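Visitor: Following this line is model_1.txt, made up of compact mmCIF, C-alpha atoms:
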# COMPACT_ATOMS: atom_id res chain seq x y z
CA MET A 1 0.00 0.00 0.00
CA VAL A 2 1.44 3.39 -1.02
CA GLN A 3 1.45 5.95 1.80
CA PRO A 4 -0.38 9.26 1.20
CA PRO A 5 1.87 12.32 0.73
CA ASP A 6 1.23 13.68 4.27
CA THR A 7 2.42 10.54 6.06
CA THR A 8 5.81 10.52 7.79
CA MET A 9 8.03 7.50 8.18
CA GLN A 10 11.45 6.50 9.47
CA ALA A 11 14.10 4.77 7.40
CA GLU A 12 17.84 4.29 7.07
CA VAL A 13 19.72 5.57 4.03
CA ILE A 14 21.56 2.73 2.29
CA VAL A 15 23.51 4.43 -0.54
CA LEU A 16 23.76 7.63 -2.58
CA GLY A 17 22.12 7.60 -6.01
CA HIS A 18 23.80 8.90 -9.17
CA SER A 19 22.48 12.45 -8.61
CA GLY A 20 23.74 12.57 -5.02
CA ASP A 21 20.39 11.90 -3.32
CA GLY A 22 20.21 9.31 -0.56
CA VAL A 23 18.32 6.10 -1.32
CA ILE A 24 16.00 4.26 1.06
CA LEU A 25 13.90 1.16 0.49
CA HIS A 26 10.24 1.44 1.42
CA GLU A 27 7.64 -1.20 0.66
CA GLY A 28 9.89 -2.62 -2.05
CA ARG A 29 10.43 0.76 -3.73
CA LYS A 30 13.45 3.03 -3.93
CA ILE A 31 12.78 6.46 -2.46
CA PHE A 32 15.25 9.31 -3.13
CA VAL A 33 16.04 11.79 -0.38
CA PRO A 34 18.00 15.02 -1.05
CA TYR A 35 20.75 15.98 1.44
CA ALA A 36 20.86 12.55 3.05
CA ALA A 37 23.95 10.48 3.91
CA PRO A 38 24.43 6.71 3.87
CA GLY A 39 23.97 5.50 7.43
CA ASP A 40 21.54 8.28 8.38
CA ARG A 41 18.42 7.26 10.28
CA LEU A 42 15.83 9.78 9.13
CA GLU A 43 12.28 10.85 9.70
CA LEU A 44 10.85 11.56 6.25
CA LYS A 45 7.82 12.96 4.51
CA MET A 46 6.89 12.08 0.95
CA MET A 47 7.08 15.02 -1.46
CA GLU A 48 3.71 16.23 -2.66
CA GLY A 49 3.10 14.85 -6.13
CA GLY A 50 6.26 12.74 -6.01
CA LYS A 51 5.90 8.96 -5.77
CA ASP A 52 9.63 8.32 -5.34
CA ARG A 53 10.92 11.40 -3.50
CA ALA A 54 10.89 12.37 0.16
CA VAL A 55 12.21 15.23 2.30
CA ILE A 56 13.93 15.06 5.67
CA THR A 57 11.80 16.28 8.57
CA ARG A 58 14.24 15.15 11.27
CA ILE A 59 17.63 13.45 11.50
CA VAL A 60 17.14 10.71 14.08
CA THR A 61 20.72 9.40 13.91
CA ALA A 62 23.37 11.14 11.83
CA SER A 63 25.85 9.29 9.66
CA GLY A 64 29.53 9.57 10.53
CA SER A 65 30.16 11.01 7.07
CA ARG A 66 28.08 14.13 7.78
CA VAL A 67 29.79 17.53 8.18
CA THR A 68 28.61 21.12 8.61
CA PRO A 69 27.93 22.66 5.16
CA PRO A 70 30.22 25.66 4.51
CA CYS A 71 27.64 27.73 2.56
CA PRO A 72 24.67 29.54 4.18
CA HIS A 73 22.55 28.87 1.08
CA PHE A 74 23.06 25.10 1.08
CA GLY A 75 19.78 23.21 1.17
CA ASP A 76 17.88 26.02 -0.53
CA CYS A 77 20.14 26.80 -3.50
CA GLY A 78 20.26 23.90 -5.94
CA GLY A 79 23.86 24.51 -7.04
CA CYS A 80 25.36 22.02 -4.59
CA ALA A 81 24.05 18.62 -3.50
CA LEU A 82 26.84 17.24 -1.29
CA GLN A 83 28.11 19.94 1.09
CA HIS A 84 26.79 17.93 4.04
CA LEU A 85 29.26 15.11 3.30
CA SER A 86 32.97 14.95 4.11
CA ASP A 87 35.54 15.44 1.34
CA PRO A 88 37.00 11.91 1.74
CA PHE A 89 33.53 10.39 1.48
CA VAL A 90 32.69 12.39 -1.67
CA ALA A 91 36.04 11.55 -3.27
CA ASP A 92 35.52 7.82 -2.67
CA TRP A 93 31.90 7.99 -3.88
CA LYS A 94 32.91 9.67 -7.12
CA ARG A 95 35.71 7.18 -7.72
CA GLN A 96 33.26 4.34 -7.06
CA SER A 97 30.86 5.78 -9.66
CA ILE A 98 33.47 5.09 -12.35
CA ILE A 99 34.15 1.59 -11.05
CA ASP A 100 30.41 0.83 -11.02
CA ALA A 101 29.84 2.23 -14.52
CA LEU A 102 32.69 0.12 -15.92
CA ALA A 103 31.51 -3.00 -14.09
CA HIS A 104 28.03 -2.48 -15.57
CA ARG A 105 29.69 -2.87 -18.98
CA GLY A 106 31.62 -5.95 -17.89
CA LEU A 107 34.91 -4.09 -17.33
CA ARG A 108 36.20 -5.14 -13.94
CA ASP A 109 39.58 -5.04 -12.18
CA VAL A 110 40.38 -1.71 -13.83
CA THR A 111 42.90 0.56 -12.11
CA VAL A 112 40.87 3.59 -11.02
CA ARG A 113 43.07 6.06 -9.20
CA PRO A 114 42.06 8.10 -6.15
CA THR A 115 40.03 11.20 -6.94
CA LEU A 116 41.91 14.46 -7.46
CA THR A 117 39.77 17.07 -5.69
CA MET A 118 40.20 20.69 -6.70
CA PRO A 119 40.27 23.56 -4.17
CA VAL A 120 37.17 25.48 -3.10
CA ALA A 121 36.38 28.97 -4.46
CA THR A 122 38.10 28.31 -7.79
CA ARG A 123 35.21 27.92 -10.23
CA ARG A 124 35.70 30.52 -12.96
CA ARG A 125 32.37 30.09 -14.76
CA ALA A 126 28.81 30.52 -13.58
CA ALA A 127 25.38 30.46 -15.21
CA PHE A 128 23.19 32.67 -13.03
CA ALA A 129 19.43 32.88 -13.07
CA VAL A 130 18.14 36.48 -13.05
CA GLU A 131 14.72 37.97 -12.39
CA GLN A 132 13.26 41.43 -11.81
CA GLY A 133 10.91 41.51 -8.83
CA ALA A 134 9.36 43.99 -6.45
CA SER A 135 12.70 44.49 -4.68
CA GLY A 136 14.69 44.89 -7.89
CA VAL A 137 17.03 42.58 -9.79
CA ARG A 138 17.83 39.27 -8.10
CA ILE A 139 20.75 37.05 -9.17
CA GLY A 140 21.31 33.50 -8.01
CA PHE A 141 20.72 29.86 -8.81
CA SER A 142 17.60 27.75 -9.11
CA ALA A 143 16.42 25.75 -6.14
CA ARG A 144 16.88 22.01 -6.49
CA HIS A 145 14.25 20.36 -8.71
CA SER A 146 12.56 23.76 -9.10
CA HIS A 147 12.54 26.92 -11.22
CA ARG A 148 12.37 29.09 -8.06
CA LEU A 149 15.30 31.50 -7.92
CA VAL A 150 17.46 31.56 -4.79
CA ALA A 151 19.30 34.90 -4.63
CA ILE A 152 22.83 34.40 -3.28
CA SER A 153 25.08 36.62 -1.20
CA ASP A 154 27.92 34.09 -0.93
CA CYS A 155 29.11 30.91 -2.63
CA ALA A 156 31.76 28.44 -1.50
CA VAL A 157 32.39 27.27 -5.06
CA LEU A 158 32.88 30.43 -7.13
CA ASP A 159 36.02 32.47 -7.66
CA ARG A 160 35.72 35.39 -5.25
CA ARG A 161 36.15 37.92 -8.07
CA ILE A 162 32.85 36.78 -9.55
CA LEU A 163 31.13 37.15 -6.18
CA LEU A 164 32.53 40.65 -5.72
CA ALA A 165 31.10 41.61 -9.11
CA LEU A 166 27.52 40.57 -8.25
CA PRO A 167 26.32 44.03 -7.04
CA GLY A 168 27.59 45.60 -10.25
CA LEU A 169 26.05 42.85 -12.35
CA ARG A 170 22.69 43.56 -10.71
CA ASP A 171 23.07 47.20 -11.73
CA LEU A 172 23.87 46.03 -15.26
CA LEU A 173 20.40 44.52 -15.53
CA THR A 174 18.22 47.32 -14.14
CA PHE A 175 16.57 47.72 -17.57
CA PHE A 176 14.61 44.52 -16.96
CA ALA A 177 10.85 44.78 -16.93
CA ARG A 178 8.99 43.63 -13.83
CA GLY A 179 8.65 39.85 -13.89
CA GLN A 180 11.23 39.38 -16.65
CA THR A 181 13.76 36.57 -16.31
CA ALA A 182 17.14 36.00 -17.92
CA ARG A 183 20.31 33.97 -17.76
CA LEU A 184 23.72 35.47 -17.09
CA LEU A 185 26.83 33.57 -18.20
CA VAL A 186 29.88 34.93 -16.37
CA THR A 187 33.48 33.82 -16.93
CA GLN A 188 36.54 35.08 -15.08
CA THR A 189 39.32 35.40 -17.67
CA GLU A 190 42.94 36.54 -17.52
CA THR A 191 41.86 40.01 -18.64
CA GLY A 192 38.64 40.46 -16.66
CA LEU A 193 35.04 39.32 -16.64
CA ASP A 194 33.37 38.05 -19.81
CA VAL A 195 29.59 38.43 -19.49
CA ASP A 196 26.89 37.09 -21.82
CA VAL A 197 23.32 38.24 -21.08
CA HIS A 198 20.56 35.97 -22.40
CA THR A 199 17.28 37.84 -22.19
CA GLY A 200 15.05 35.15 -23.63
CA ALA A 201 14.25 37.36 -26.59
CA GLY A 202 16.75 35.31 -28.59
CA GLY A 203 18.35 35.91 -31.95
CA LYS A 204 19.11 39.40 -33.22
CA GLY A 205 15.82 40.94 -32.05
CA GLY A 206 16.86 41.58 -28.48
CA PRO A 207 16.60 44.89 -26.61
CA GLY A 208 16.53 48.15 -28.51
CA LEU A 209 19.12 50.92 -28.86
CA ARG A 210 18.33 52.60 -25.52
CA VAL A 211 18.85 49.38 -23.57
CA ARG A 212 21.99 48.56 -25.53
CA ASN A 213 23.42 51.98 -24.62
CA LEU A 214 22.58 51.40 -20.96
CA LEU A 215 24.31 48.02 -21.08
CA ALA A 216 27.42 49.52 -22.70
CA ALA A 217 27.65 52.25 -20.05
CA ALA A 218 27.26 49.71 -17.25
CA ALA A 219 29.94 47.47 -18.81
CA ALA A 220 32.35 50.41 -18.76
CA ARG A 221 31.58 51.12 -15.09
CA LEU A 222 32.18 47.45 -14.24
CA ASP A 223 35.37 47.33 -16.35
CA LEU A 224 34.15 44.19 -18.14
CA ALA A 225 36.47 42.70 -20.72
CA ARG A 226 33.52 41.83 -22.97
CA LEU A 227 29.76 42.11 -22.88
CA SER A 228 27.58 39.96 -25.14
CA LEU A 229 23.85 39.87 -25.64
CA ASN A 230 22.18 36.57 -26.51
CA GLY A 231 25.53 35.15 -27.63
CA GLU A 232 26.52 38.09 -29.84
CA THR A 233 29.39 40.37 -28.85
CA MET A 234 28.05 43.83 -28.09
CA LEU A 235 31.09 45.50 -26.56
CA GLU A 236 34.68 44.25 -26.33
CA ARG A 237 36.84 46.56 -24.26
CA ARG A 238 39.63 43.97 -24.07
CA LYS A 239 39.90 40.49 -25.49
CA PRO A 240 38.79 38.03 -22.76
CA LEU A 241 41.74 35.64 -22.79
CA VAL A 242 42.07 32.18 -21.23
CA LEU A 243 45.28 30.18 -21.16
CA MET A 244 45.41 26.75 -22.79
CA GLY A 245 48.81 25.68 -21.55
CA GLN A 246 50.95 28.66 -22.54
CA VAL A 247 48.67 29.83 -25.37
CA ALA A 248 46.19 32.70 -24.83
CA VAL A 249 42.85 32.00 -26.52
CA CYS A 250 39.88 34.35 -26.89
CA PRO A 251 36.86 32.03 -26.70
CA PRO A 252 33.53 32.97 -28.30
CA PRO A 253 30.73 34.14 -25.96
CA GLY A 254 29.40 31.26 -23.87
CA ALA A 255 31.98 28.78 -25.17
CA PHE A 256 32.68 25.62 -23.21
CA LEU A 257 35.68 25.88 -20.89
CA GLN A 258 36.87 23.68 -18.05
CA ALA A 259 35.24 24.86 -14.83
CA SER A 260 38.45 25.89 -13.06
CA ILE A 261 42.05 26.68 -13.93
CA GLU A 262 43.19 24.07 -11.41
CA GLY A 263 40.89 21.41 -12.88
CA GLN A 264 42.06 22.20 -16.39
CA ALA A 265 45.70 21.90 -15.31
CA ALA A 266 45.01 18.52 -13.68
CA LEU A 267 43.30 17.20 -16.84
CA ILE A 268 46.12 18.46 -19.08
CA ALA A 269 48.73 16.78 -16.85
CA LEU A 270 46.87 13.46 -17.09
CA VAL A 271 46.51 13.73 -20.87
CA MET A 272 50.23 14.45 -21.19
CA GLU A 273 50.97 11.45 -18.94
CA GLY A 274 48.82 9.30 -21.22
CA LEU A 275 50.74 10.48 -24.27
CA ASP A 276 54.05 9.96 -22.43
CA THR A 277 56.75 8.76 -24.85
CA VAL A 278 54.49 9.11 -27.90
CA VAL A 279 55.01 12.88 -28.13
CA SER A 280 58.82 12.57 -28.07
CA GLY A 281 59.08 10.65 -31.34
CA LYS A 282 59.94 12.28 -34.67
CA GLY A 283 57.03 12.81 -37.02
CA THR A 284 54.51 12.23 -34.25
CA ARG A 285 50.98 13.24 -35.17
CA ILE A 286 48.28 13.59 -32.50
CA LEU A 287 44.56 13.89 -33.23
CA ASP A 288 42.45 15.85 -30.72
CA LEU A 289 38.73 15.16 -31.20
CA PHE A 290 36.01 17.41 -29.74
CA ALA A 291 38.84 19.89 -29.20
CA GLY A 292 36.75 22.85 -28.02
CA CYS A 293 38.96 25.95 -27.91
CA GLY A 294 42.16 23.90 -27.66
CA THR A 295 42.33 22.83 -24.00
CA PHE A 296 44.56 19.88 -24.90
CA SER A 297 45.58 20.77 -28.45
CA PHE A 298 47.78 23.70 -27.52
CA PRO A 299 49.71 22.05 -24.64
CA VAL A 300 50.38 19.03 -26.88
CA ALA A 301 51.34 21.26 -29.84
CA HIS A 302 54.48 22.32 -27.98
CA HIS A 303 55.70 18.71 -28.39
CA ALA A 304 54.10 17.27 -31.53
CA ARG A 305 52.02 18.03 -34.61
CA VAL A 306 48.36 18.26 -33.69
CA HIS A 307 45.17 18.03 -35.70
CA ALA A 308 42.35 19.60 -33.66
CA ALA A 309 38.81 18.75 -34.77
CA GLU A 310 35.74 20.50 -33.36
CA GLY A 311 32.17 20.91 -34.56
CA ASP A 312 31.59 24.52 -33.46
CA ARG A 313 32.77 27.07 -36.02
CA ALA A 314 33.29 29.89 -33.51
CA MET A 315 35.58 27.70 -31.42
CA THR A 316 37.61 26.50 -34.40
CA ASP A 317 38.01 30.15 -35.46
CA ALA A 318 39.26 30.97 -31.94
CA MET A 319 41.83 28.16 -32.16
CA ARG A 320 43.07 29.27 -35.57
CA THR A 321 43.49 32.86 -34.38
CA ALA A 322 45.38 31.81 -31.24
CA ALA A 323 47.67 29.47 -33.23
CA ARG A 324 48.41 32.20 -35.75
CA GLU A 325 49.23 34.79 -33.07
CA THR A 326 51.38 32.58 -30.78
CA GLN A 327 55.10 32.00 -31.24
CA GLY A 328 56.68 28.64 -30.40
CA VAL A 329 53.68 26.42 -31.15
CA ARG A 330 54.48 23.66 -33.61
CA GLN A 331 52.26 23.09 -36.58
CA ILE A 332 48.64 22.77 -35.55
CA GLU A 333 45.89 21.96 -38.03
CA VAL A 334 42.33 22.93 -37.11
CA SER A 335 39.23 21.56 -38.81
CA GLN A 336 35.51 22.01 -38.24
CA ARG A 337 33.68 18.69 -38.29
CA ASP A 338 30.52 17.27 -36.73
CA LEU A 339 32.09 14.24 -35.08
CA GLN A 340 28.78 12.73 -34.01
CA ARG A 341 27.46 12.61 -37.58
CA SER A 342 30.79 12.34 -39.37
CA PRO A 343 33.38 10.64 -37.14
CA PHE A 344 36.94 10.11 -38.34
CA THR A 345 36.94 6.76 -40.09
CA ALA A 346 39.26 3.89 -39.21
CA GLU A 347 41.20 4.59 -42.40
CA GLU A 348 41.61 8.31 -41.61
CA LEU A 349 42.73 7.49 -38.07
CA GLY A 350 45.57 5.27 -39.28
CA VAL A 351 48.04 8.15 -39.77
CA TYR A 352 47.97 9.26 -36.11
CA SER A 353 50.29 8.10 -33.32
CA ALA A 354 47.64 8.72 -30.66
CA VAL A 355 44.13 10.15 -30.33
CA ILE A 356 42.63 12.33 -27.60
CA PHE A 357 38.86 12.60 -27.42
CA ASP A 358 36.74 14.68 -25.05
CA PRO A 359 33.09 14.35 -26.13
CA PRO A 360 29.99 15.89 -24.52
CA ARG A 361 27.99 14.04 -21.85
CA THR A 362 26.38 11.76 -24.44
CA GLY A 363 29.79 10.34 -25.29
CA ALA A 364 31.17 9.43 -28.71
CA GLN A 365 29.60 6.11 -29.66
CA ALA A 366 30.15 6.43 -33.42
CA GLN A 367 33.71 7.71 -33.01
CA ALA A 368 34.58 4.99 -30.48
CA ALA A 369 33.48 2.34 -32.97
CA GLN A 370 35.83 3.77 -35.60
CA LEU A 371 38.70 3.99 -33.11
CA ALA A 372 38.13 0.35 -32.19
CA ALA A 373 38.37 -0.64 -35.86
CA SER A 374 41.46 1.50 -36.56
CA ARG A 375 45.21 0.87 -36.35
CA VAL A 376 45.65 3.55 -33.64
CA ASN A 377 47.64 2.12 -30.72
CA ARG A 378 46.90 4.69 -28.01
CA VAL A 379 43.75 6.60 -27.06
CA ILE A 380 43.39 9.08 -24.22
CA ALA A 381 39.74 9.55 -23.29
CA VAL A 382 38.44 12.55 -21.35
CA SER A 383 34.87 12.40 -20.09
CA CYS A 384 32.36 14.20 -17.86
CA ALA A 385 29.92 11.26 -17.70
CA PRO A 386 30.98 7.84 -16.32
CA ALA A 387 28.02 6.03 -17.94
CA SER A 388 28.72 7.13 -21.53
CA PHE A 389 32.46 6.77 -20.93
CA ALA A 390 31.97 3.14 -19.85
CA ARG A 391 29.88 2.42 -22.97
CA ASP A 392 32.61 3.86 -25.23
CA ALA A 393 35.31 2.06 -23.21
CA ARG A 394 33.52 -1.25 -23.84
CA ALA A 395 33.67 -0.59 -27.59
CA LEU A 396 37.40 0.15 -27.45
CA VAL A 397 38.13 -2.95 -25.38
CA ASN A 398 36.07 -5.04 -27.80
CA GLY A 399 38.28 -3.64 -30.55
CA GLY A 400 41.49 -4.86 -28.91
CA PHE A 401 42.42 -2.02 -26.55
CA GLN A 402 43.29 -2.47 -22.89
CA LEU A 403 42.09 0.09 -20.36
CA ARG A 404 45.31 0.83 -18.46
CA TRP A 405 43.97 3.32 -15.93
CA ALA A 406 41.27 5.88 -15.24
CA ALA A 407 41.76 8.99 -13.09
CA PRO A 408 38.82 10.93 -11.56
CA VAL A 409 39.11 14.73 -11.32
CA ASP A 410 36.57 16.53 -9.12
CA GLN A 411 36.45 20.16 -10.20
CA PHE A 412 32.69 20.38 -9.61
CA ARG A 413 32.88 20.58 -5.84
CA TRP A 414 29.87 19.26 -3.89
CA SER A 415 27.95 18.25 -7.01
CA ALA A 416 27.41 14.82 -8.55
CA GLU A 417 29.39 15.89 -11.63
CA LEU A 418 32.79 14.35 -12.34
CA GLU A 419 35.55 14.55 -14.94
CA LEU A 420 37.95 11.72 -15.73
CA VAL A 421 40.89 10.86 -17.95
CA ALA A 422 41.64 7.28 -19.09
CA LEU A 423 44.41 5.62 -21.07
CA PHE A 424 43.71 2.88 -23.62
CA GLU A 425 46.53 0.97 -25.35
CA ARG A 426 46.60 -1.97 -27.68
CA ALA A 427 48.31 -5.00 -26.23
Before we go any further, please render this structure as structure tokens.

Guide:
Amino acid sequence: MVQPPDTTMQAEVIVLGHSGDGVILHEGRKIFVPYAAPGDRLELKMMEGGKDRAVITRIVTASGSRVTPPCPHFGDCGGCALQHLSDPFVADWKRQSIIDALAHRGLRDVTVRPTLTMPVATRRRAAFAVEQGASGVRIGFSARHSHRLVAISDCAVLDRRILLALPGLRDLLTFFARGQTARLLVTQTETGLDVDVHTGAGGKGGPGLRVRNLLAAAAARLDLARLSLNGETMLERRKPLVLMGQVAVCPPPGAFLQASIEGQAALIALVMEGLDTVVSGKGTRILDLFAGCGTFSFPVAHHARVHAAEGDRAMTDAMRTAARETQGVRQIEVSQRDLQRSPFTAEELGVYSAVIFDPPRTGAQAQAAQLAASRVNRVIAVSCAPASFARDARALVNGGFQLRWAAPVDQFRWSAELELVALFERA
């Protein structure tokens, strides 16, 4: 018999689910509980309208893995899910998520290294929710499993320079009409803040000349490097530059970047370790697939010839410009190609000494199949999704590769997100 929504119950949390919610078993069903810890004994109430979700009304017995959350907004803001858990627990849980995903695909006894956890207050990118209400412009993040905006005054994750800019960013958006919402993409670059305002109007319609003039004046007061509107550059006072190794790249508005400088450095170090002796040979050619703005291409290009392939034209243009303007980078070829629809074929792959690939969350199923059928001897995989990584890893192993090691990198502190690097070699 299913309990009605207003009924409370007691239960013990057995594990954390993939999204970071605690899991209990009740009447043969899994119930998910936000902000729970394995080993907790909890008093719970079923969420209204939710058959498989409950909220904590009282902690009867706390798990030994519980800690005091460092952020005053935790539990209301949906940006973090795991601040109530100790760092060692989270690091082990994230590592185990890779082990479990691989085992689900029949890949067991794989060397999965301890998680590399990045420092707090280092995240250089944020996607803020914005709304204009009775008290003015509010900036923050959505509540968990809700569109309700939680205005923030502090954040344990973000680079402090972004937090210090929040009052000015609120002033930037005073043109909003009452009840209007927007999204604010903010990136801390080497030359200042890069801000992209998405008003929801979309396309080239956007706000009129008066509002554009107000935005430009506010950008000057805030000393922004660049201000964009709905993905189109409106004012560039300085090029917003990010370093890919030793190469300064000006990414397009809203372009994908690694979440922190420290996380990017850790991933680059692991990729270079995976390449190891390959990059020291004469005539070495490395293929970097899903190259973005050159996160791995440019560091590798100091040691070997690199072909960087990426589907987004603005990002390939950014790579070409950076390569052209930087001294000391060996030959780097950049091509725009939709790798999901048109992966490099096994025949095309045969000329490369090693391949790096860093696909989106959905993975690279078609490209992995071609890699498995190719003569390539070494593949370095970078992934932000253990499940799709494990699927692609299975294809590579079926094609004769051995998975030598996988290394988790946690640059998304207190979330369920995880990056990893893995080395595949033919026997």

Visitor: Can you work out which one of A:Arg378, A:Arg337, A:His302, A:His73 has the shortest atom-to-atom distance to Met315 of chain A, counting only C-alpha atoms?

Guide: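 Closest residue, counting only C-alpha atoms: A:Arg337.
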
Visitor: Extract, using only C-alpha atoms, all DNA, RNA and protein residues at most 7 Å from Arg113 of chain A, discarding same-chain residues fewer than 2 positions from it, and format them as a list in words.

Guide: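 That gives Thr111, Thr115, Ala406, Ala407 and Pro408 of chain A.
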
Visitor: Hey, which bits of segment 213-317 of chain A sit within 10 Å of segment 143-167 of chain A, and for each residue what's the closest pair of atoms and how far apart in Å (one decimal), counting only C-alpha atoms, rows by chain and increasing number, as CSV?

Guide:
residue,atom,partner,partner_atom,distance
A:Leu222,CA,A:Ala165,CA,7.8
A:Leu224,CA,A:Ala165,CA,9.9
A:Ala259,CA,A:Leu158,CA,9.8
A:Ser260,CA,A:Asp159,CA,8.9

Visitor: Taking C-alpha atoms for each residue, export the selection above as a PDB file, in the frame of the given file.

Guide:
ATOM      1  CA  LEU A 222      32.180  47.450 -14.240  1.00  0.00           C
ATOM      2  CA  LEU A 224      34.150  44.190 -18.140  1.00  0.00           C
ATOM      3  CA  ALA A 259      35.240  24.860 -14.830  1.00  0.00           C
ATOM      4  CA  SER A 260      38.450  25.890 -13.060  1.00  0.00           C
TER       5      SER A 260
END

Visitor: Between A:Thr187, A:Asn377, A:Thr181, A:Gln336, which residue has the minimum interatomic distance to Ala255 of chain A, considering only C-alpha atoms?

Guide: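 Counting only C-alpha atoms, the residue closest to Ala255 of chain A is A:Thr187.
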
Visitor: Measuring atom to atom with only C-alpha atoms, identify which of A:Val242, A:Ala422, A:Val110, A:Leu215 is nearest to Phe256 of chain A.

Guide: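 Nearest to Phe256 of chain A: A:Val242.
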
Visitor: Using all atoms listed in the file, pick whichever of A:Phe424, A:Gln83, A:Phe175, A:Glu417 has the shortest atom-to-atom distance to Arg210 of chain A.

Guide: A:Phe175

Visitor: Hey, which of A:Lys51, A:Arg41, A:His307, A:His18 ends up closest to Arg320 of chain A? Count only C-alpha atoms.

Guide: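 Checking each of A:Lys51, A:Arg41, A:His307, A:His18 against Arg320 of chain A, counting only C-alpha atoms, the winner is A:His307.
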
Visitor: One number please: atom CA of Arg426 of chain A to atom CA of His303 of chain A, in Å, one decimal.

Guide: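 Computing the Euclidean distance for atom CA of Arg426 of chain A and atom CA of His303 of chain A yields 22.6 Å.
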
Visitor: To one decimal place, how far is atom CA of Ser374 of chain A from atom CA of Gly350 of chain A in Å?

Guide: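 Atom CA of Ser374 of chain A sits 6.2 Å away from atom CA of Gly350 of chain A.
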
Visitor: Which distance in Å separates atom CA of Gly274 of chain A and atom CA of Thr316 of chain A, to one decimal?

Guide: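 Here the two named atoms are 24.4 Å from each other.
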
Visitor: Which of these, A:Thr199, A:Gln331, A:Gln365, A:Ser415, has the shortest distance to Arg391 of chain A once you count all atoms listed in the file?

Guide: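 Among A:Thr199, A:Gln331, A:Gln365, A:Ser415, it is A:Gln365 that comes nearest to Arg391 of chain A.
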
Visitor: Within 6 Å of (33.5, 0.5, -20.8), only C-alpha atoms: residues as a PyMOL selection string?

Guide: chain A and resi 102+105+107+390-394

Visitor: Export C-alpha atoms of the chosen residues as a PDB file, in the frame of the given file?

Guide:
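selection_29.pdb, written as the output of this step:
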ATOM      1  CA  LEU A 102      32.690   0.120 -15.920  1.00  0.00           C
ATOM      2  CA  ARG A 105      29.690  -2.870 -18.980  1.00  0.00           C
ATOM      3  CA  LEU A 107      34.910  -4.090 -17.330  1.00  0.00           C
ATOM      4  CA  ALA A 390      31.970   3.140 -19.850  1.00  0.00           C
ATOM      5  CA  ARG A 391      29.880   2.420 -22.970  1.00  0.00           C
ATOM      6  CA  ASP A 392      32.610   3.860 -25.230  1.00  0.00           C
ATOM      7  CA  ALA A 393      35.310   2.060 -23.210  1.00  0.00           C
ATOM      8  CA  ARG A 394      33.520  -1.250 -23.840  1.00  0.00           C
TER       9      ARG A 394
END

Visitor: Could I get the residues of segment 202-270 of chain A with an atom no further than 9 Å from an atom of segment 116-133 of chain A, each paired with its nearest atom pair and that distance in Å to one decimal, using all atoms listed in the file, sorted by chain and residue number, as a Markdown table?

Guide:
| residue | atom | partner | partner_atom | distance |
| --- | --- | --- | --- | --- |
| A:Leu257 | CA | A:Arg125 | CA | 8.1 |
| A:Gln258 | CA | A:Arg125 | CA | 8.5 |
| A:Ala259 | CA | A:Arg123 | CA | 5.5 |
| A:Ser260 | CA | A:Arg123 | CA | 4.8 |
| A:Ile261 | CA | A:Thr122 | CA | 7.5 |
| A:Glu262 | CA | A:Met118 | CA | 6.5 |
| A:Gly263 | CA | A:Met118 | CA | 6.3 |
| A:Ala266 | CA | A:Leu116 | CA | 8.0 |

Visitor: Which residues come within 12 Å of Val211 of chain A, counting all atoms listed in the file, excluding same-chain residues fewer than 4 positions away, as a PyMOL selection string?

Guide: chain A and resi 172-177+199+206-207+215-218+229+234
